[in-house]
Amino acid sequence: MAPELHNETTRSARILGSEGVAALASSCVMVLGLGGVGSSCVEALARGGVGKFILVDHDVVDITNINRQAIAFHSTIGRKKIDVMRQMVLDINPQAQVEVVDSFVLAENLDALLDEHAVKADFVVDAIDTISTKLAIAAAAQERDINLISAMGGGNKLHPEYLRVADIYDTVNCRMCRIMRKECRKRGISHLRVLYSCEEAAAATARPGTERGERSGLGTMPYFPPIMGQMIAGYVIRSIAGVESREDVLARRK
């Protein structure tokens with residue numbers, strides 16, 4: 001009997017089936033922000049067989065990124081994150097199509113960004129940090145009927161086992177989620193899928209000589225953002241492949 005042939009998707013196909021793998025290969029995911037969460041999310045999506053990417057970021061790799069970002073090495077310091085990420089995706093899957101957008105994601109340019117690029121995407125991942133922009137993304141996604149999942153804060157948190165995928169209105173013990181819930185209600189945003197941690201984090205402190213509002217004492221464990229990115233990638237992969245997730249099962253039972 002001839003030996004079984006293997007490729008990058010063989011092991012995924014055993015779980016998702018050939019139709020699931022084909023759906024991923026023909027899918028397009030847009031990722032906003034290539035920091036600790038976004039870069040690990042893209043890496044996992046590429047390894048999971050997603051065929052097309054739209055990657056948006058304007059930043060360069062900094063030495064302070066090395067503790068948590070998949071694209072951060074001493075050899076990549078000073079390089080554009082979109083260029084390093086594109087190279088990584090193509091090294092994982094040379095057949096992938098990778099479109100890069102060298103731009104910060106801001107409330108002011110969001111409409112143009114989504115109108116030009118999100119129409120090509122099956123899923124959009126919000127992996128940026130600014131709450132005002134996250135709210136603008138959520139509102140725009142609802143208006144345009146975009147499949148969106150948004151990463152909440154991971155600062156000052158230690159235990160990844162407390163990470164959950166949930167609707168923003170079902171979140172607890174997360175400062176960013178609390179603000180997002182309040183502002184989503186004001187803006188008429190009825191639904192927002194998020195990844196968040198229900199761990200009660202230590203309060204952020206300011207270093208001497210800085211304002212408290214700067215939250216300069218907010219720390220990040222090296223494993224936390226990458227796990228967040230991997231979990232978001234898992235949710236996106238399951239959704240595209242048509243595999244019902246635990247979160248969807250629980251939502252259906254309510």
# chains A, B, ... in the order shown; residues from 1 in each chain; ligands from 1
>>> residues_around(residues="range 221-228 of chain A", least_positions_apart="3", cutoff="10 Å", atoms="only C-alpha atoms", output="PyMOL selection string")
chain A and resi 35-41+43-44+65-70+127+151-161+163-164+195-197+231-234
>>> residues_around(residues="Gly242 in chain A", least_positions_apart="6", cutoff="12 Å", atoms="only C-alpha atoms", output="list in words")
Ile15, Leu16, Gly17, Ser18, Glu19, Gly20, Val21, Ala22, Ala23, Leu24, Tyr235, Val236 and Asp248 of chain A
>>> atom_distance(atom1="CA of Val60 in chain A", atom2="CA of Gly78 in chain A")
5.4 Å
>>> closest_residue(among="A:Ile128, A:Val61, A:Val194, A:Ile189", to="Thr171 in chain A", atoms="only C-alpha atoms")
A:Val194
>>> residues_around(residues="Ala107 in chain A", least_positions_apart="3", cutoff="6 Å", atoms="only C-alpha atoms", output="ChimeraX atom specification")
/A:110,133,136
>>> select_by_dssp(residues="range 22-253 of chain A", states="strand (DSSP E or B)", output="number ranges by chain")
A: 28-32, 52-57, 60, 80, 97-102, 123-126, 148-151, 163-167, 193-197
>>> select_by_dssp(residues="range 79-121 of chain A", states="helix (DSSP H, G or I)", output="MDAnalysis selection string")
chainID A and resid 81:92 110:120
>>> closest_residue(among="A:Val42, A:Ala241, A:Val89, A:Cys198", to="Val172 in chain A", atoms="only C-alpha atoms")
A:Cys198
>>> closest_residue(among="A:Leu218, A:Ser103, A:Gly33, A:His117", to="Met85 in chain A", atoms="only C-alpha atoms")
A:Gly33
>>> closest_residue(among="A:Ala140, A:Ile77, A:Ile92, A:Ile146", to="Ala121 in chain A", atoms="only C-alpha atoms")
A:Ile146
>>> decode(residues="range 21-174 of chain A", atoms="C-alpha atoms", output="PDB file, in the first residue's frame")
ATOM      1  CA  VAL A  21      -9.558  22.721   4.896  1.00  0.00           C
ATOM      2  CA  ALA A  22     -10.779  23.917   1.497  1.00  0.00           C
ATOM      3  CA  ALA A  23     -12.861  26.648   3.137  1.00  0.00           C
ATOM      4  CA  LEU A  24      -9.791  27.902   5.001  1.00  0.00           C
ATOM      5  CA  ALA A  25      -7.634  27.827   1.872  1.00  0.00           C
ATOM      6  CA  SER A  26     -10.112  29.999   0.002  1.00  0.00           C
ATOM      7  CA  SER A  27     -10.751  32.368   2.930  1.00  0.00           C
ATOM      8  CA  CYS A  28      -9.377  35.839   3.594  1.00  0.00           C
ATOM      9  CA  VAL A  29      -8.716  37.246   7.071  1.00  0.00           C
ATOM     10  CA  MET A  30      -7.955  40.895   7.775  1.00  0.00           C
ATOM     11  CA  VAL A  31      -5.886  41.563  10.909  1.00  0.00           C
ATOM     12  CA  LEU A  32      -5.711  45.053  12.347  1.00  0.00           C
ATOM     13  CA  GLY A  33      -2.533  45.438  14.396  1.00  0.00           C
ATOM     14  CA  LEU A  34       0.517  43.154  14.457  1.00  0.00           C
ATOM     15  CA  GLY A  35       1.579  43.425  18.088  1.00  0.00           C
ATOM     16  CA  GLY A  36       1.673  40.605  20.615  1.00  0.00           C
ATOM     17  CA  VAL A  37      -1.873  39.437  19.908  1.00  0.00           C
ATOM     18  CA  GLY A  38      -2.032  40.181  16.193  1.00  0.00           C
ATOM     19  CA  SER A  39       1.306  38.664  15.172  1.00  0.00           C
ATOM     20  CA  SER A  40       0.653  35.369  16.978  1.00  0.00           C
ATOM     21  CA  CYS A  41      -2.865  35.289  15.554  1.00  0.00           C
ATOM     22  CA  VAL A  42      -1.567  35.668  11.997  1.00  0.00           C
ATOM     23  CA  GLU A  43       1.072  32.993  12.542  1.00  0.00           C
ATOM     24  CA  ALA A  44      -1.549  30.519  13.776  1.00  0.00           C
ATOM     25  CA  LEU A  45      -3.930  31.382  10.935  1.00  0.00           C
ATOM     26  CA  ALA A  46      -1.150  30.784   8.409  1.00  0.00           C
ATOM     27  CA  ARG A  47      -0.276  27.434   9.985  1.00  0.00           C
ATOM     28  CA  GLY A  48      -4.000  26.633  10.047  1.00  0.00           C
ATOM     29  CA  GLY A  49      -4.297  26.976   6.282  1.00  0.00           C
ATOM     30  CA  VAL A  50      -5.911  30.393   5.742  1.00  0.00           C
ATOM     31  CA  GLY A  51      -5.087  31.282   2.149  1.00  0.00           C
ATOM     32  CA  LYS A  52      -5.354  35.070   2.021  1.00  0.00           C
ATOM     33  CA  PHE A  53      -4.392  37.827   4.430  1.00  0.00           C
ATOM     34  CA  ILE A  54      -4.796  41.579   4.693  1.00  0.00           C
ATOM     35  CA  LEU A  55      -2.379  42.836   7.357  1.00  0.00           C
ATOM     36  CA  VAL A  56      -2.576  46.388   8.662  1.00  0.00           C
ATOM     37  CA  ASP A  57       0.068  48.131  10.788  1.00  0.00           C
ATOM     38  CA  HIS A  58       2.365  51.138  10.540  1.00  0.00           C
ATOM     39  CA  ASP A  59       4.809  50.338  13.324  1.00  0.00           C
ATOM     40  CA  VAL A  60       8.338  48.936  13.289  1.00  0.00           C
ATOM     41  CA  VAL A  61       9.740  46.180  15.497  1.00  0.00           C
ATOM     42  CA  ASP A  62      11.233  47.556  18.701  1.00  0.00           C
ATOM     43  CA  ILE A  63      13.475  45.837  21.230  1.00  0.00           C
ATOM     44  CA  THR A  64      10.685  46.119  23.813  1.00  0.00           C
ATOM     45  CA  ASN A  65       8.513  43.893  21.584  1.00  0.00           C
ATOM     46  CA  ILE A  66      10.792  40.868  21.946  1.00  0.00           C
ATOM     47  CA  ASN A  67       9.150  39.626  25.133  1.00  0.00           C
ATOM     48  CA  ARG A  68       5.781  38.938  23.479  1.00  0.00           C
ATOM     49  CA  GLN A  69       5.584  39.422  19.680  1.00  0.00           C
ATOM     50  CA  ALA A  70       5.968  36.562  17.192  1.00  0.00           C
ATOM     51  CA  ILE A  71       7.810  38.789  14.716  1.00  0.00           C
ATOM     52  CA  ALA A  72      10.193  40.389  17.222  1.00  0.00           C
ATOM     53  CA  PHE A  73      13.823  39.234  17.193  1.00  0.00           C
ATOM     54  CA  HIS A  74      17.092  41.119  17.404  1.00  0.00           C
ATOM     55  CA  SER A  75      17.410  40.465  13.669  1.00  0.00           C
ATOM     56  CA  THR A  76      14.091  42.218  12.915  1.00  0.00           C
ATOM     57  CA  ILE A  77      14.459  45.328  15.115  1.00  0.00           C
ATOM     58  CA  GLY A  78      13.756  48.447  13.052  1.00  0.00           C
ATOM     59  CA  ARG A  79      11.954  46.604  10.268  1.00  0.00           C
ATOM     60  CA  LYS A  80       8.325  47.243   9.384  1.00  0.00           C
ATOM     61  CA  LYS A  81       6.036  44.793  11.154  1.00  0.00           C
ATOM     62  CA  ILE A  82       3.979  44.228   8.024  1.00  0.00           C
ATOM     63  CA  ASP A  83       7.102  43.213   6.083  1.00  0.00           C
ATOM     64  CA  VAL A  84       8.344  40.802   8.751  1.00  0.00           C
ATOM     65  CA  MET A  85       4.866  39.297   9.160  1.00  0.00           C
ATOM     66  CA  ARG A  86       4.418  38.884   5.412  1.00  0.00           C
ATOM     67  CA  GLN A  87       7.753  37.087   5.187  1.00  0.00           C
ATOM     68  CA  MET A  88       6.776  34.757   8.052  1.00  0.00           C
ATOM     69  CA  VAL A  89       3.411  33.878   6.475  1.00  0.00           C
ATOM     70  CA  LEU A  90       5.014  33.087   3.118  1.00  0.00           C
ATOM     71  CA  ASP A  91       7.706  31.012   4.815  1.00  0.00           C
ATOM     72  CA  ILE A  92       4.908  28.945   6.392  1.00  0.00           C
ATOM     73  CA  ASN A  93       2.780  28.802   3.239  1.00  0.00           C
ATOM     74  CA  PRO A  94       4.428  29.999   0.007  1.00  0.00           C
ATOM     75  CA  GLN A  95       1.062  29.761  -1.779  1.00  0.00           C
ATOM     76  CA  ALA A  96      -0.598  32.271   0.558  1.00  0.00           C
ATOM     77  CA  GLN A  97      -1.653  35.673  -0.744  1.00  0.00           C
ATOM     78  CA  VAL A  98      -0.573  38.445   1.606  1.00  0.00           C
ATOM     79  CA  GLU A  99      -1.675  42.042   1.132  1.00  0.00           C
ATOM     80  CA  VAL A 100      -0.087  44.552   3.497  1.00  0.00           C
ATOM     81  CA  VAL A 101      -1.367  48.011   4.386  1.00  0.00           C
ATOM     82  CA  ASP A 102       1.208  50.378   5.890  1.00  0.00           C
ATOM     83  CA  SER A 103      -1.143  52.432   8.034  1.00  0.00           C
ATOM     84  CA  PHE A 104      -2.127  53.076  11.605  1.00  0.00           C
ATOM     85  CA  VAL A 105      -5.729  52.093  12.323  1.00  0.00           C
ATOM     86  CA  LEU A 106      -7.453  55.272  13.483  1.00  0.00           C
ATOM     87  CA  ALA A 107     -11.073  56.295  13.853  1.00  0.00           C
ATOM     88  CA  GLU A 108     -10.423  58.973  11.199  1.00  0.00           C
ATOM     89  CA  ASN A 109      -9.231  56.580   8.466  1.00  0.00           C
ATOM     90  CA  LEU A 110     -11.253  53.525   9.443  1.00  0.00           C
ATOM     91  CA  ASP A 111     -14.136  53.931   6.994  1.00  0.00           C
ATOM     92  CA  ALA A 112     -11.817  54.235   4.011  1.00  0.00           C
ATOM     93  CA  LEU A 113      -9.707  51.321   5.243  1.00  0.00           C
ATOM     94  CA  LEU A 114     -12.683  49.006   5.677  1.00  0.00           C
ATOM     95  CA  ASP A 115     -14.423  50.107   2.489  1.00  0.00           C
ATOM     96  CA  GLU A 116     -11.304  49.331   0.446  1.00  0.00           C
ATOM     97  CA  HIS A 117     -10.136  46.143   2.136  1.00  0.00           C
ATOM     98  CA  ALA A 118     -12.698  44.554   4.488  1.00  0.00           C
ATOM     99  CA  VAL A 119     -15.072  43.781   1.612  1.00  0.00           C
ATOM    100  CA  LYS A 120     -12.544  41.125   0.568  1.00  0.00           C
ATOM    101  CA  ALA A 121     -12.320  39.553   4.020  1.00  0.00           C
ATOM    102  CA  ASP A 122     -14.352  36.720   5.507  1.00  0.00           C
ATOM    103  CA  PHE A 123     -13.264  37.750   9.006  1.00  0.00           C
ATOM    104  CA  VAL A 124     -11.705  40.817  10.616  1.00  0.00           C
ATOM    105  CA  VAL A 125      -9.547  40.574  13.749  1.00  0.00           C
ATOM    106  CA  ASP A 126      -9.196  43.703  15.887  1.00  0.00           C
ATOM    107  CA  ALA A 127      -5.851  43.384  17.678  1.00  0.00           C
ATOM    108  CA  ILE A 128      -5.208  47.049  18.452  1.00  0.00           C
ATOM    109  CA  ASP A 129      -5.037  48.773  21.827  1.00  0.00           C
ATOM    110  CA  THR A 130      -6.925  52.067  21.574  1.00  0.00           C
ATOM    111  CA  ILE A 131     -10.456  51.906  22.972  1.00  0.00           C
ATOM    112  CA  SER A 132     -11.839  54.748  20.847  1.00  0.00           C
ATOM    113  CA  THR A 133     -10.691  53.001  17.685  1.00  0.00           C
ATOM    114  CA  LYS A 134     -11.965  49.621  18.870  1.00  0.00           C
ATOM    115  CA  LEU A 135     -15.388  51.194  19.338  1.00  0.00           C
ATOM    116  CA  ALA A 136     -15.233  52.704  15.858  1.00  0.00           C
ATOM    117  CA  ILE A 137     -14.318  49.295  14.424  1.00  0.00           C
ATOM    118  CA  ALA A 138     -17.208  47.633  16.268  1.00  0.00           C
ATOM    119  CA  ALA A 139     -19.695  50.227  15.029  1.00  0.00           C
ATOM    120  CA  ALA A 140     -18.424  49.994  11.456  1.00  0.00           C
ATOM    121  CA  ALA A 141     -18.492  46.194  11.542  1.00  0.00           C
ATOM    122  CA  GLN A 142     -22.112  46.198  12.717  1.00  0.00           C
ATOM    123  CA  GLU A 143     -23.078  48.688  10.023  1.00  0.00           C
ATOM    124  CA  ARG A 144     -21.326  46.680   7.288  1.00  0.00           C
ATOM    125  CA  ASP A 145     -22.234  43.213   8.644  1.00  0.00           C
ATOM    126  CA  ILE A 146     -18.552  42.269   9.022  1.00  0.00           C
ATOM    127  CA  ASN A 147     -17.533  39.157  10.943  1.00  0.00           C
ATOM    128  CA  LEU A 148     -15.410  40.652  13.728  1.00  0.00           C
ATOM    129  CA  ILE A 149     -13.658  39.451  16.850  1.00  0.00           C
ATOM    130  CA  SER A 150     -11.950  41.983  19.095  1.00  0.00           C
ATOM    131  CA  ALA A 151      -9.127  41.414  21.591  1.00  0.00           C
ATOM    132  CA  MET A 152      -9.565  43.007  24.991  1.00  0.00           C
ATOM    133  CA  GLY A 153      -6.782  43.872  27.439  1.00  0.00           C
ATOM    134  CA  GLY A 154      -4.168  41.429  28.707  1.00  0.00           C
ATOM    135  CA  GLY A 155      -2.088  43.822  30.779  1.00  0.00           C
ATOM    136  CA  ASN A 156      -1.229  42.913  34.388  1.00  0.00           C
ATOM    137  CA  LYS A 157      -2.781  39.451  33.955  1.00  0.00           C
ATOM    138  CA  LEU A 158      -1.051  36.184  34.763  1.00  0.00           C
ATOM    139  CA  HIS A 159      -3.452  33.281  34.188  1.00  0.00           C
ATOM    140  CA  PRO A 160      -4.399  32.449  30.576  1.00  0.00           C
ATOM    141  CA  GLU A 161      -6.847  29.802  31.793  1.00  0.00           C
ATOM    142  CA  TYR A 162      -9.226  32.701  32.531  1.00  0.00           C
ATOM    143  CA  LEU A 163      -9.401  33.757  28.880  1.00  0.00           C
ATOM    144  CA  ARG A 164     -12.866  33.491  27.323  1.00  0.00           C
ATOM    145  CA  VAL A 165     -14.611  34.219  24.026  1.00  0.00           C
ATOM    146  CA  ALA A 166     -17.897  35.975  24.770  1.00  0.00           C
ATOM    147  CA  ASP A 167     -20.215  38.780  23.781  1.00  0.00           C
ATOM    148  CA  ILE A 168     -19.056  42.088  25.228  1.00  0.00           C
ATOM    149  CA  TYR A 169     -22.244  42.285  27.328  1.00  0.00           C
ATOM    150  CA  ASP A 170     -21.410  38.970  29.032  1.00  0.00           C
ATOM    151  CA  THR A 171     -17.912  39.988  30.180  1.00  0.00           C
ATOM    152  CA  VAL A 172     -16.767  40.428  33.788  1.00  0.00           C
ATOM    153  CA  ASN A 173     -13.661  41.571  35.713  1.00  0.00           C
ATOM    154  CA  CYS A 174     -12.089  43.427  32.777  1.00  0.00           C
TER     155      CYS A 174
END
